[in-house]
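Undergrad: Can you read through this structure? Questions will come right after.
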Amino acid sequence: LGYVTQADPRYGSFVRFLDGLTGLIPKLKQKKRLPAPKYKTVTCKVIAIDVTSQPPKILLKRTRDNSAQQSDSDVQNEMSNAFKVGDIIGSAEVTDISPIRVLLQPLDKSFSTLSDRIRLHISMAESSLKVTRKPSNSGDIKESIQLGHPFYKWAVGTRLSDLKCVAVTERKYHTFIEVSNRNDDLVIVPNISDLTPHTRVHATITSVSTFNTGIWVQISPDMSCFIPGLEFSEDITILNNLSSAVVVGARIECCVMEKKHWKKKQKVVADPIGAKVTTKEEYIPTLSVLLTREKKIKKPSRGDLIVGQIKYGIREYQAPYLMADLRGSYKGRCCITELDEKDDWVNMPLGRQHHDPVGVDADSNIVTDDEEQNTHKSSFENGKYVQFRVLAGMPANPVVDVSLRPSRLEGDLDEDDIPEMGALVQGYVITTNPKGCFVRLSRTLEGRVVLKELCDGFLPNPGTSFPTGRLVVGKVKAIHAKTKRNCKIKSMLDLDMRESQILEGQEKLSFDDVGLKSKHKAVVTRIEEYGVFVRIENSNVSGLVHKSECSDNYVKALANFYDPGDLVKVVVIKKDAEEKRIGFSMKASHFADDEDSSDDSSVGEDEMDIDSDGDIDGVNSDDEDYVSKLAKTMENEKVTKSDNEDNSTSGDESDTSSEEDGGDERDLDKKTGGLDTDVGFDWGAKQLSNGNHGGISENEADEEDDEEMVDDEESHKVGHSSRKKAALRRKTEQEISKRESALADGTADDNPETEADFERLLATEPNQSEHWIRYMAYHLALADMDSARKIATRAFERMDFRQEREKLNVWTALLTMELKYGDKFDKTIEQACQHNNPKQVYLRVCELLEGEVERSGSAPDAVERADNMMKTMCKKFRDKKTVWIAHSTYLLKGGRHDEAHNLLKRALISLPEHKHIALMSKFAQLEFELGSVERGRTVFNGLLAKYPKRLDLIFVFVDKEVKAGEISSARSLLEHVTSTQTKLNDKQMKSLFKKWYRFEDEHGSADTQEHVKDAARNYVERTKK
């Protein structure tokens, strides 16, 4: 029992009791009121005590004593007897105010016991607000008391008059009187069961739901309801700006919808003992404003103009379609050909529908429940309200076909005509398989294209070149009648999409017509990691836009910015007449002076992830392993440049340079080495970190240098550049020969050096984490972080779900990489916890951060980061002794003994009692190893005094004494235990004497061994007596 000395709105109420001791009743986040006002006498229960500080910190919880219960009972009886619904309360004064409810103090002294028991809810307050206002562009209006709110300009001390009782309610042993200052007749619905469909009620707007799906209202102080946006208004301007258009506090007339439209909510229910937890389904009443003006919701019929909300989370039927929610649980299905007029069709209007194998993150297709992510480059925002025209409905399905074409919205409902034979038509790809693809020309027309007629060239992967949603052009070959596959399709057309057939009879550009620095419009045909393949319009001329030429800045993932079929602008920068190869560029700088430069196809700096150091000009290669050779190519250019300068010098200088060729070769290998992959654990690919990617030893390099010097002496008239190229060619041949020998004798898998080696190894042993980690290290050595991340993602998908430890090893490698080089460390921790044991993940993370502290020499930033992670781990897993031991080890290694001792006290409070022995034993061992031997000895002595029969404690104690070099102390311990121990049985004493004898055999002499035998004999004689 105590009294409140201070009431702090930030922390709670401070209570003084028992000779000046003070405790805190904390303020709960969900409650805005203080636990108790100042100077109030309260009864509390002690929850926790921190004795490490003076005076001790005490945490309290308010309870109810008998007198308080009697007082509350008297108040309840007085309130229930004195007030009835409709009674006049009179005047009252505001004592507390929130956006939803106001607490009042009656001015009549006869009601003084009703302090803070009279409440005025927002739904019971007088309001003359309009329901909506003009939407504001300044942002959402927050749920607060602003201009127009029924409580606007009210404050503590404001007096209200003409209050009347509308209800008497009980909440958690307290009785409250709900009052109103409204002059109209009130009808309060006490229970949900009293709501019947089509009943009209008045509700007060309290908030706008998340993601603009509707508004929350209350028809009484204890009953919340929901009005979907589609049932609130038919004005899409208001619906798309509900947060700024709806007035909180306004009263609105609604109609109760049928129960099948009510929102469902899962509620967790536990029995009183807490042994079993079940879920209970509850319903939230759904109201409608539009039903007050019509009798019922009609199914949309052909020609109706309706409002719908775009939803990407709805399962599509015969994709690609844009799905939408309509009134009355109906769904709208807008065909991809009905999104816009035919002349305004664009490529991939709904974005990328499926995961692309190149350049897309592994989790890019994850769609949440409430906020579905828009797919790549989709122009239709999820959750947006739009107007549709109904084209047709399905008799036995709540799905109707709708359209967004402007001509349809104006009333044109005629279906598209069937094209004639030989006509050129455009459509969207539906599906692509190894045999060809299907194309949708309109809502009722589809076409099919066999594989050989997709394009003039060879397609290694048709699904990548023709993804779902790509806009294509084809020529009609044949027209077939209605098929059985889909009764909605009136005709099926055979199409030919080969450019040679489409442009037949037209003059096309040839290879000779394309000149250097000429600019053309082109179509993207394929996307690879190293570049984009394009084809010039009205020609069969194709070429590569290398990754370094796609933008003035370095692009990391091309597939995030280009799709097959995209129209781009290119300029010819290279032309090889012999090989018939052309190199293009899409850099914006090439088109800066063009009149239509605003349509530049290159990716801008604001819409990509840019590597600031990645601008590499003049580099172009068609090899797929270009990324692995990028650094070497740059260095070779530098060498060539220096060679040209050397050629202009004297012959003596040239001879001197030739003698240094071998050293230059070794320097080149070192310069082209990758990142330092020593990030805390063995990657298993040491040759990568040394920059020796070719697998050639230093002795072999020296032999090659000797050969080069001999060749230089014999052919001193040959230019320096020629000798350099010849040496590189011989070196490459030796590498190939060595690789062939390794593949032949089967030793290539022991030390993989190329992507093909790793892929072959993983195909046979996909569950070995070591192989995946070495593969990641291979890409990391090439400074390719994205590829290393993709390898980790592949590992998680390929490895068997039972291989939890192997998967955790790969996660640890990924965390190590993100910690040292990446910027997704925290996100990776969250993902790892979702797929592994969270405790094991945090232990690995803390181990990594501890290593960072050691490598940085206890830098303040590293120490702070490790401390925060350790504290977070102990807070999340406070009932696990392993985390406390890991934290203690970290502190003792850092010499922070006082903090470690304080942590031990917290651990003993948090852990259950049966784990205290193991914790104390481990802490004592840590003291022997990292702290004070004397403190560790004290802890072990305390444990043995309390648990004298624990032989494991005795043996560990002895081993630690021996390891610390305290041989005499260990001998004294064993002698003391064997001579004074009376609670052990014969079998335990036998083990103890054996331990002592082995100890003396290793660290003692013949006399001490004889002493052990004498002690054993004495024990046997003593026990016989």
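Residue numbering restarts at 1 for every chain of the structure tokens, chains are lettered A, B, ... in their displayed order, and ligands are numbered from 1 as they appear.
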For A:Lys342, find every residue with an atom within 9 Å (counting only C-alpha atoms), except residues of its own chain fewer than 5 positions away, and show them as a list in words.
TA: Thr337, Arg405 and Gln426 of chain A
Undergrad: Could you please take those selected residues and save N, CA and C atoms as a PDB file, in the first residue's frame?
TA:
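Result written to result-v1.pdb:
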```
ATOM      1  N   THR A 337      -5.821  -6.996 -73.981  1.00  0.00           N
ATOM      2  CA  THR A 337      -6.115  -6.259 -75.220  1.00  0.00           C
ATOM      3  C   THR A 337      -7.156  -5.176 -75.010  1.00  0.00           C
ATOM      4  N   ARG A 405     -10.804   0.454 -72.493  1.00  0.00           N
ATOM      5  CA  ARG A 405     -10.615   1.224 -73.716  1.00  0.00           C
ATOM      6  C   ARG A 405     -11.464   2.497 -73.671  1.00  0.00           C
ATOM      7  N   GLN A 426      -1.245  -7.258 -84.673  1.00  0.00           N
ATOM      8  CA  GLN A 426      -0.427  -7.194 -83.456  1.00  0.00           C
ATOM      9  C   GLN A 426      -1.209  -7.801 -82.298  1.00  0.00           C
TER      10      GLN A 426
END
```
Undergrad: Would you pick out the contacts of A:Tyr39 at 7 Å or less, using only C-alpha atoms, so that residues sharing its chain but fewer than 4 positions from it are not included, and give the list as a list in words?
TA: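 Neighbouring residues, sequence-local ones excluded: Tyr3, Val4 and Thr5 of chain A.
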Undergrad: Could you name the residues that touch A:Pro99 at 10 Å or less, counting only C-alpha atoms, but leaving out those on the same chain fewer than 2 positions away, as a ChimeraX atom specification?
TA: /A:97,101-102,121-122,143-146,149-152,206,248-249
Undergrad: Based on the selection just made, write N, CA, C and O atoms of those residues as an mmCIF file, in the first residue's frame.
TA:
```cif
data_model
loop_
_atom_site.group_PDB
_atom_site.id
_atom_site.type_symbol
_atom_site.label_atom_id
_atom_site.label_comp_id
_atom_site.auth_asym_id
_atom_site.auth_seq_id
_atom_site.Cartn_x
_atom_site.Cartn_y
_atom_site.Cartn_z
ATOM 1 N N ILE A 97 -9.165 14.082 -22.894
ATOM 2 C CA ILE A 97 -9.693 14.146 -24.251
ATOM 3 C C ILE A 97 -8.781 13.394 -25.190
ATOM 4 O O ILE A 97 -7.550 13.437 -25.064
ATOM 5 N N ARG A 101 -12.670 9.675 -27.760
ATOM 6 C CA ARG A 101 -13.501 9.672 -26.564
ATOM 7 C C ARG A 101 -13.078 10.798 -25.627
ATOM 8 O O ARG A 101 -11.909 11.197 -25.584
ATOM 9 N N VAL A 102 -14.061 11.293 -24.832
ATOM 10 C CA VAL A 102 -13.832 12.348 -23.843
ATOM 11 C C VAL A 102 -14.320 11.848 -22.491
ATOM 12 O O VAL A 102 -15.419 11.267 -22.388
ATOM 13 N N HIS A 121 -18.490 9.486 -26.320
ATOM 14 C CA HIS A 121 -17.827 8.926 -27.497
ATOM 15 C C HIS A 121 -18.069 9.827 -28.702
ATOM 16 O O HIS A 121 -19.075 10.561 -28.770
ATOM 17 N N ILE A 122 -17.163 9.745 -29.688
ATOM 18 C CA ILE A 122 -17.287 10.591 -30.874
ATOM 19 C C ILE A 122 -18.578 10.312 -31.635
ATOM 20 O O ILE A 122 -19.157 11.201 -32.245
ATOM 21 N N GLU A 143 -5.304 11.168 -38.051
ATOM 22 C CA GLU A 143 -6.381 10.977 -37.097
ATOM 23 C C GLU A 143 -6.104 11.811 -35.859
ATOM 24 O O GLU A 143 -5.481 11.358 -34.909
ATOM 25 N N SER A 144 -6.488 13.042 -35.879
ATOM 26 C CA SER A 144 -6.279 13.937 -34.747
ATOM 27 C C SER A 144 -7.424 14.921 -34.712
ATOM 28 O O SER A 144 -8.275 14.967 -35.592
ATOM 29 N N ILE A 145 -7.432 15.735 -33.676
ATOM 30 C CA ILE A 145 -8.522 16.698 -33.495
ATOM 31 C C ILE A 145 -8.170 17.942 -34.285
ATOM 32 O O ILE A 145 -7.442 18.818 -33.807
ATOM 33 N N GLN A 146 -8.675 18.025 -35.509
ATOM 34 C CA GLN A 146 -8.414 19.161 -36.369
ATOM 35 C C GLN A 146 -9.713 19.888 -36.656
ATOM 36 O O GLN A 146 -10.777 19.541 -36.150
ATOM 37 N N HIS A 149 -13.538 18.517 -36.567
ATOM 38 C CA HIS A 149 -13.750 17.398 -35.663
ATOM 39 C C HIS A 149 -14.779 17.790 -34.598
ATOM 40 O O HIS A 149 -14.796 18.945 -34.137
ATOM 41 N N PRO A 150 -15.657 16.846 -34.169
ATOM 42 C CA PRO A 150 -16.648 17.196 -33.126
ATOM 43 C C PRO A 150 -16.014 17.708 -31.832
ATOM 44 O O PRO A 150 -16.645 18.476 -31.103
ATOM 45 N N PHE A 151 -14.790 17.290 -31.532
ATOM 46 C CA PHE A 151 -14.118 17.742 -30.309
ATOM 47 C C PHE A 151 -13.204 18.938 -30.558
ATOM 48 O O PHE A 151 -12.401 19.284 -29.691
ATOM 49 N N TYR A 152 -13.304 19.544 -31.756
ATOM 50 C CA TYR A 152 -12.410 20.655 -32.072
ATOM 51 C C TYR A 152 -12.632 21.818 -31.092
ATOM 52 O O TYR A 152 -13.760 22.166 -30.771
ATOM 53 N N THR A 206 -14.425 7.294 -38.213
ATOM 54 C CA THR A 206 -13.316 7.377 -37.255
ATOM 55 C C THR A 206 -11.946 7.347 -37.919
ATOM 56 O O THR A 206 -11.000 7.947 -37.412
ATOM 57 N N VAL A 248 -13.055 12.965 -40.881
ATOM 58 C CA VAL A 248 -13.144 12.188 -39.647
ATOM 59 C C VAL A 248 -14.049 12.917 -38.664
ATOM 60 O O VAL A 248 -13.879 14.100 -38.391
ATOM 61 N N GLY A 249 -15.009 12.210 -38.123
ATOM 62 C CA GLY A 249 -15.965 12.788 -37.194
ATOM 63 C C GLY A 249 -17.312 13.069 -37.810
ATOM 64 O O GLY A 249 -18.280 13.352 -37.085
#
```
Undergrad: Have a look at atom CA of A:Val402 and atom CA of A:Lys311 and let me know their distance in Å, one decimal.
TA: 14.0 Å
Undergrad: Can you list, as a list of chain:residue names, every protein, DNA or RNA residue that comes within 6 Å of stretch 871-880 of chain A when you count only C-alpha atoms, leaving out same-chain residues fewer than 2 positions away?
TA: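 Residues meeting the cut-off are A:Asn868, A:Met869, A:Thr882, A:Val883, A:Ser910, A:Leu911.
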Undergrad: Provide the atom CA of A:Thr95 to atom CA of A:Asn181 distance in Å, to one decimal place.
TA: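 Atom-to-atom, atom CA of A:Thr95 and atom CA of A:Asn181 are spaced 16.4 Å apart.
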Undergrad: Could you tell me how far atom CA of A:Glu453 sits from atom CA of A:Val425, in Å to one decimal place?
TA: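 Between these atoms lies a distance of 15.0 Å.
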